[in-house]
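*Asks:* Dropping in entry-v2.pdb, which is PDB, C-alpha atoms, pLDDT in the B column:
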ATOM      1  CA  MET A   1      64.445 185.741 -50.207  1.00 42.00           C
ATOM      2  CA  ARG A   2      64.929 187.393 -53.566  1.00 40.00           C
ATOM      3  CA  LEU A   3      63.012 190.516 -54.544  1.00 43.00           C
ATOM      4  CA  ALA A   4      61.136 188.797 -57.379  1.00 38.00           C
ATOM      5  CA  ALA A   5      59.879 186.089 -55.043  1.00 36.00           C
ATOM      6  CA  LYS A   6      58.777 188.695 -52.517  1.00 36.00           C
ATOM      7  CA  LEU A   7      56.828 190.666 -55.087  1.00 35.00           C
ATOM      8  CA  ILE A   8      55.002 187.580 -56.306  1.00 32.00           C
ATOM      9  CA  ALA A   9      53.853 186.901 -52.737  1.00 34.00           C
ATOM     10  CA  ILE A  10      51.874 190.173 -52.569  1.00 36.00           C
ATOM     11  CA  PRO A  11      48.165 189.568 -53.313  1.00 34.00           C
ATOM     12  CA  ALA A  12      47.261 191.033 -56.687  1.00 33.00           C
ATOM     13  CA  ALA A  13      43.917 192.331 -55.388  1.00 34.00           C
ATOM     14  CA  ASN A  14      45.757 194.850 -53.174  1.00 36.00           C
ATOM     15  CA  LEU A  15      47.994 196.265 -55.877  1.00 36.00           C
ATOM     16  CA  MET A  16      47.905 198.838 -58.588  1.00 35.00           C
ATOM     17  CA  ILE A  17      51.046 199.636 -60.550  1.00 36.00           C
ATOM     18  CA  ALA A  18      51.749 203.350 -60.742  1.00 39.00           C
ATOM     19  CA  GLY A  19      52.272 204.846 -64.167  1.00 38.00           C
ATOM     20  CA  ARG A  20      55.736 205.957 -65.134  1.00 39.00           C
ATOM     21  CA  GLY A  21      56.383 209.612 -65.798  1.00 42.00           C
ATOM     22  CA  ARG A  22      57.517 210.810 -69.177  1.00 41.00           C
ATOM     23  CA  GLY A  23      61.111 211.962 -69.405  1.00 43.00           C
ATOM     24  CA  ARG A  24      61.980 215.511 -70.385  1.00 43.00           C
ATOM     25  CA  GLY A  25      65.025 216.522 -72.276  1.00 43.00           C
ATOM     26  CA  ARG A  26      67.559 214.344 -73.956  1.00 42.00           C
ATOM     27  CA  GLY A  27      70.304 212.248 -72.538  1.00 43.00           C
ATOM     28  CA  ARG A  28      70.775 209.300 -70.275  1.00 43.00           C
ATOM     29  CA  GLY A  29      69.371 209.331 -66.802  1.00 42.00           C
ATOM     30  CA  ARG A  30      66.811 212.061 -67.397  1.00 39.00           C
ATOM     31  CA  GLY A  31      63.279 210.990 -66.738  1.00 40.00           C
ATOM     32  CA  LEU A  32      61.560 207.657 -67.045  1.00 38.00           C
ATOM     33  CA  GLY A  33      60.383 207.287 -70.583  1.00 38.00           C
ATOM     34  CA  PRO A  34      59.647 204.120 -72.527  1.00 37.00           C
ATOM     35  CA  GLY A  35      62.609 201.782 -72.572  1.00 39.00           C
ATOM     36  CA  SER A  36      64.190 203.263 -69.444  1.00 38.00           C
ATOM     37  CA  ALA A  37      65.239 201.208 -66.465  1.00 41.00           C
ATOM     38  CA  GLY A  38      62.723 202.964 -64.204  1.00 40.00           C
ATOM     39  CA  VAL A  39      60.836 201.136 -61.528  1.00 42.00           C
ATOM     40  CA  GLY A  40      57.035 201.013 -61.622  1.00 44.00           C
ATOM     41  CA  TRP A  41      56.191 201.522 -57.964  1.00 42.00           C
ATOM     42  CA  VAL A  42      53.440 199.619 -56.265  1.00 42.00           C
ATOM     43  CA  VAL A  43      50.773 201.931 -54.899  1.00 42.00           C
ATOM     44  CA  ARG A  44      48.700 200.882 -51.897  1.00 46.00           C
ATOM     45  CA  ARG A  45      47.650 202.489 -48.656  1.00 46.00           C
ATOM     46  CA  LEU A  46      49.047 201.243 -45.382  1.00 43.00           C
ATOM     47  CA  GLY A  47      47.446 203.108 -42.489  1.00 47.00           C
ATOM     48  CA  GLY A  48      47.597 206.522 -44.136  1.00 49.00           C
ATOM     49  CA  VAL A  49      51.025 206.150 -45.772  1.00 55.00           C
ATOM     50  CA  SER A  50      51.136 205.298 -49.426  1.00 70.00           C
ATOM     51  CA  VAL A  51      53.894 203.032 -50.667  1.00 84.00           C
ATOM     52  CA  GLY A  52      53.798 205.299 -53.706  1.00 88.00           C
ATOM     53  CA  GLU A  53      54.972 208.213 -51.526  1.00 93.00           C
ATOM     54  CA  LEU A  54      58.234 206.400 -50.846  1.00 95.00           C
ATOM     55  CA  GLY A  55      58.455 205.507 -54.519  1.00 94.00           C
ATOM     56  CA  ARG A  56      57.924 209.100 -55.535  1.00 95.00           C
ATOM     57  CA  ALA A  57      60.573 210.368 -53.111  1.00 96.00           C
ATOM     58  CA  VAL A  58      63.064 207.800 -54.437  1.00 97.00           C
ATOM     59  CA  GLU A  59      62.307 208.634 -58.064  1.00 96.00           C
ATOM     60  CA  LEU A  60      62.676 212.372 -57.401  1.00 97.00           C
ATOM     61  CA  LEU A  61      66.088 211.770 -55.866  1.00 98.00           C
ATOM     62  CA  VAL A  62      67.115 209.441 -58.704  1.00 97.00           C
ATOM     63  CA  ARG A  63      66.038 212.017 -61.279  1.00 97.00           C
ATOM     64  CA  GLN A  64      68.063 214.672 -59.454  1.00 97.00           C
ATOM     65  CA  VAL A  65      71.290 212.650 -59.336  1.00 97.00           C
ATOM     66  CA  GLY A  66      70.934 210.075 -62.106  1.00 96.00           C
ATOM     67  CA  HIS A  67      72.845 212.133 -64.669  1.00 96.00           C
ATOM     68  CA  TRP A  68      75.718 213.137 -62.371  1.00 97.00           C
ATOM     69  CA  GLN A  69      79.291 212.259 -63.304  1.00 97.00           C
ATOM     70  CA  GLN A  70      82.076 211.368 -60.858  1.00 96.00           C
ATOM     71  CA  PRO A  71      83.239 214.941 -60.021  1.00 96.00           C
ATOM     72  CA  ARG A  72      79.741 215.902 -58.931  1.00 96.00           C
ATOM     73  CA  TRP A  73      79.445 212.813 -56.736  1.00 97.00           C
ATOM     74  CA  ALA A  74      82.817 213.611 -55.136  1.00 96.00           C
ATOM     75  CA  ALA A  75      81.802 217.174 -54.213  1.00 96.00           C
ATOM     76  CA  THR A  76      80.953 217.918 -50.589  1.00 95.00           C
ATOM     77  CA  ALA A  77      77.260 217.900 -49.729  1.00 91.00           C
ATOM     78  CA  ALA A  78      75.704 221.215 -48.683  1.00 88.00           C
ATOM     79  CA  GLY A  79      76.295 222.023 -45.040  1.00 80.00           C
ATOM     80  CA  GLY A  80      78.362 218.928 -44.378  1.00 83.00           C
ATOM     81  CA  ASN A  81      81.819 217.429 -44.460  1.00 91.00           C
ATOM     82  CA  VAL A  82      81.112 214.264 -46.468  1.00 95.00           C
ATOM     83  CA  SER A  83      80.839 213.760 -50.196  1.00 96.00           C
ATOM     84  CA  ARG A  84      77.495 213.519 -51.920  1.00 97.00           C
ATOM     85  CA  ALA A  85      78.294 209.894 -52.755  1.00 97.00           C
ATOM     86  CA  ASP A  86      78.939 209.091 -49.077  1.00 97.00           C
ATOM     87  CA  LEU A  87      75.669 210.736 -48.120  1.00 97.00           C
ATOM     88  CA  VAL A  88      73.625 208.755 -50.659  1.00 97.00           C
ATOM     89  CA  HIS A  89      75.396 205.520 -49.737  1.00 98.00           C
ATOM     90  CA  ARG A  90      74.527 206.173 -46.100  1.00 97.00           C
ATOM     91  CA  LEU A  91      70.878 206.585 -47.165  1.00 98.00           C
ATOM     92  CA  VAL A  92      71.037 203.319 -49.127  1.00 98.00           C
ATOM     93  CA  GLN A  93      72.406 201.547 -46.043  1.00 98.00           C
ATOM     94  CA  GLU A  94      69.689 203.004 -43.781  1.00 98.00           C
ATOM     95  CA  ILE A  95      66.908 201.869 -46.099  1.00 98.00           C
ATOM     96  CA  ALA A  96      68.522 198.422 -46.419  1.00 98.00           C
ATOM     97  CA  ASN A  97      68.610 198.213 -42.605  1.00 98.00           C
ATOM     98  CA  ARG A  98      64.918 199.120 -42.408  1.00 97.00           C
ATOM     99  CA  ALA A  99      64.109 196.432 -44.993  1.00 97.00           C
ATOM    100  CA  ALA A 100      66.090 193.808 -43.054  1.00 97.00           C
ATOM    101  CA  ASP A 101      64.335 194.775 -39.822  1.00 97.00           C
ATOM    102  CA  ALA A 102      60.925 194.584 -41.507  1.00 96.00           C
ATOM    103  CA  GLU A 103      61.742 191.118 -42.860  1.00 96.00           C
ATOM    104  CA  GLY A 104      63.050 189.971 -39.500  1.00 96.00           C
ATOM    105  CA  GLY A 105      66.419 189.130 -41.043  1.00 96.00           C
ATOM    106  CA  PRO A 106      69.949 190.191 -40.189  1.00 97.00           C
ATOM    107  CA  ARG A 107      71.275 193.554 -41.280  1.00 97.00           C
ATOM    108  CA  ARG A 108      73.893 193.337 -44.007  1.00 96.00           C
ATOM    109  CA  THR A 109      76.369 195.908 -45.227  1.00 97.00           C
ATOM    110  CA  VAL A 110      75.511 197.301 -48.656  1.00 97.00           C
ATOM    111  CA  PRO A 111      78.695 197.148 -50.710  1.00 96.00           C
ATOM    112  CA  ARG A 112      80.248 200.450 -51.691  1.00 95.00           C
ATOM    113  CA  LEU A 113      80.951 199.974 -55.378  1.00 94.00           C
ATOM    114  CA  ASP A 114      83.954 201.534 -57.078  1.00 93.00           C
ATOM    115  CA  ASN A 115      81.729 203.550 -59.382  1.00 95.00           C
ATOM    116  CA  ASP A 116      79.433 206.046 -57.648  1.00 96.00           C
ATOM    117  CA  LEU A 117      77.219 206.141 -60.748  1.00 97.00           C
ATOM    118  CA  ALA A 118      75.629 202.916 -59.445  1.00 97.00           C
ATOM    119  CA  LEU A 119      74.232 204.613 -56.321  1.00 98.00           C
ATOM    120  CA  PRO A 120      70.845 205.548 -57.854  1.00 98.00           C
ATOM    121  CA  ASP A 121      70.319 201.918 -58.874  1.00 97.00           C
ATOM    122  CA  GLN A 122      71.304 200.694 -55.416  1.00 97.00           C
ATOM    123  CA  LEU A 123      68.778 203.100 -53.910  1.00 98.00           C
ATOM    124  CA  ARG A 124      66.016 201.793 -56.159  1.00 97.00           C
ATOM    125  CA  VAL A 125      66.800 198.186 -55.257  1.00 97.00           C
ATOM    126  CA  VAL A 126      66.848 198.668 -51.480  1.00 97.00           C
ATOM    127  CA  ALA A 127      63.682 200.799 -51.614  1.00 97.00           C
ATOM    128  CA  ALA A 128      61.939 198.050 -53.584  1.00 96.00           C
ATOM    129  CA  ASP A 129      63.112 195.525 -50.967  1.00 96.00           C
ATOM    130  CA  LEU A 130      61.627 197.702 -48.223  1.00 96.00           C
ATOM    131  CA  VAL A 131      58.295 197.932 -50.034  1.00 95.00           C
ATOM    132  CA  ALA A 132      58.268 194.175 -50.632  1.00 95.00           C
ATOM    133  CA  ALA A 133      58.800 193.561 -46.901  1.00 95.00           C
ATOM    134  CA  ALA A 134      55.437 195.278 -46.198  1.00 94.00           C
ATOM    135  CA  PRO A 135      56.653 197.196 -43.119  1.00 95.00           C
ATOM    136  CA  PRO A 136      54.430 199.215 -40.777  1.00 93.00           C
ATOM    137  CA  PRO A 137      53.359 202.633 -42.090  1.00 92.00           C
ATOM    138  CA  GLU A 138      55.700 204.438 -39.686  1.00 92.00           C
ATOM    139  CA  VAL A 139      58.718 202.738 -41.266  1.00 95.00           C
ATOM    140  CA  LEU A 140      57.629 203.786 -44.757  1.00 95.00           C
ATOM    141  CA  ALA A 141      57.030 207.343 -43.561  1.00 94.00           C
ATOM    142  CA  ARG A 142      60.478 207.545 -41.930  1.00 95.00           C
ATOM    143  CA  ALA A 143      62.150 206.121 -45.033  1.00 97.00           C
ATOM    144  CA  ALA A 144      60.368 208.623 -47.287  1.00 96.00           C
ATOM    145  CA  ALA A 145      61.374 211.452 -44.931  1.00 95.00           C
ATOM    146  CA  GLU A 146      65.019 210.313 -45.000  1.00 97.00           C
ATOM    147  CA  VAL A 147      65.016 210.227 -48.801  1.00 97.00           C
ATOM    148  CA  THR A 148      63.482 213.711 -48.959  1.00 96.00           C
ATOM    149  CA  ALA A 149      65.946 215.105 -46.392  1.00 95.00           C
ATOM    150  CA  THR A 150      68.889 213.661 -48.316  1.00 96.00           C
ATOM    151  CA  ARG A 151      67.569 215.120 -51.546  1.00 96.00           C
ATOM    152  CA  GLU A 152      67.358 218.570 -49.969  1.00 95.00           C
ATOM    153  CA  VAL A 153      71.012 218.630 -48.868  1.00 94.00           C
ATOM    154  CA  LEU A 154      72.387 217.409 -52.168  1.00 93.00           C
TER     155      LEU A 154
END
If you took the structure in this file and wrote it as structure tokens, what would it be?

*Replies:*
Amino acid sequence: MRLAAKLIAIPAANLMIAGRGRGRGRGRGRGLGPGSAGVGWVVRRLGGVSVGELGRAVELLVRQVGHWQQPRWAATAAGGNVSRADLVHRLVQEIANRAADAEGGPRRTVPRLDNDLALPDQLRVVAADLVAAAPPPEVLARAAAEVTATREVL
């Protein structure tokens, strides 16, 4: 099922769209001002875990890496032996797997695109798919923790 169809299926009475932050500084990929491609995250409580918490963690990571060029993506992540791009792609795959499990569908491999600059967009898409699947609160909490842990080692 496509993301748009999934989002329409969520009852409007349970939703409130979170406001978008204002960007600071100049340049592409910095902040989420008017006209940006930012995602307005759905905020609702699911057993103590806010969907907005996952959205905030994703947006913080996207803001951190959204302006990076290829040499920065190719650098080795702190305390590891893989590139930053490999680490973020692994995160994207993990969140996609959680979304597939929550939907009850098969897990699919997220394609590794030639250009690492697409990784922040891939992260946003798979996180939105996870939210649309309405998983249990524990799944959202684990996904938010994974995003935060990845952000800390970048």

*Asks:* Measuring atom to atom with all atoms listed in the file, identify which of A:Leu154, A:Val147, A:Gly79, A:Arg84 is nearest to Arg56 of chain A.

*Replies:* A:Val147

*Asks:* Please report the interatomic distance between atom CA of Ala132 of chain A and atom CA of Glu53 of chain A in Å with one decimal.

*Replies:* 14.4 Å

*Asks:* Check what the PyMOL selection byres ((chain A and resi 153) around 10) selects in the file above and give those residues as a list in words.

*Replies:*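 Applying the expression gives Ala77, Ala78, Gly79, Gly80, Arg84, Leu87, Thr148, Ala149, Thr150, Arg151, Glu152 and Leu154 of chain A.
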
*Asks:* Calculated over all atoms listed in the file, which of the candidates A:Val126, A:Ala85, A:Ala134, A:Ala141 has the smallest distance to Asn97 of chain A?

*Replies:*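 Nearest to Asn97 of chain A: A:Val126.
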
*Asks:* Env of Leu113 of chain A: 12 Å cut, atoms = all atoms listed in the file, seq-sep filter 3 positions within chain, self excluded. Answer as a VMD selection string.

*Replies:* chain A and resid 85 to 86 89 109 to 110 116 to 122

*Asks:* If the PyMOL selection byres ((chain A and resi 70) around 8) is run on the structure shown, which residues does it catch, given as a list in words?

*Replies:*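 Against this file, the PyMOL selection byres ((chain A and resi 70) around 8) returns the residues Trp68, Gln69, Pro71, Arg72, Trp73, Ala74, Asn115, Asp116 and Leu117 of chain A.
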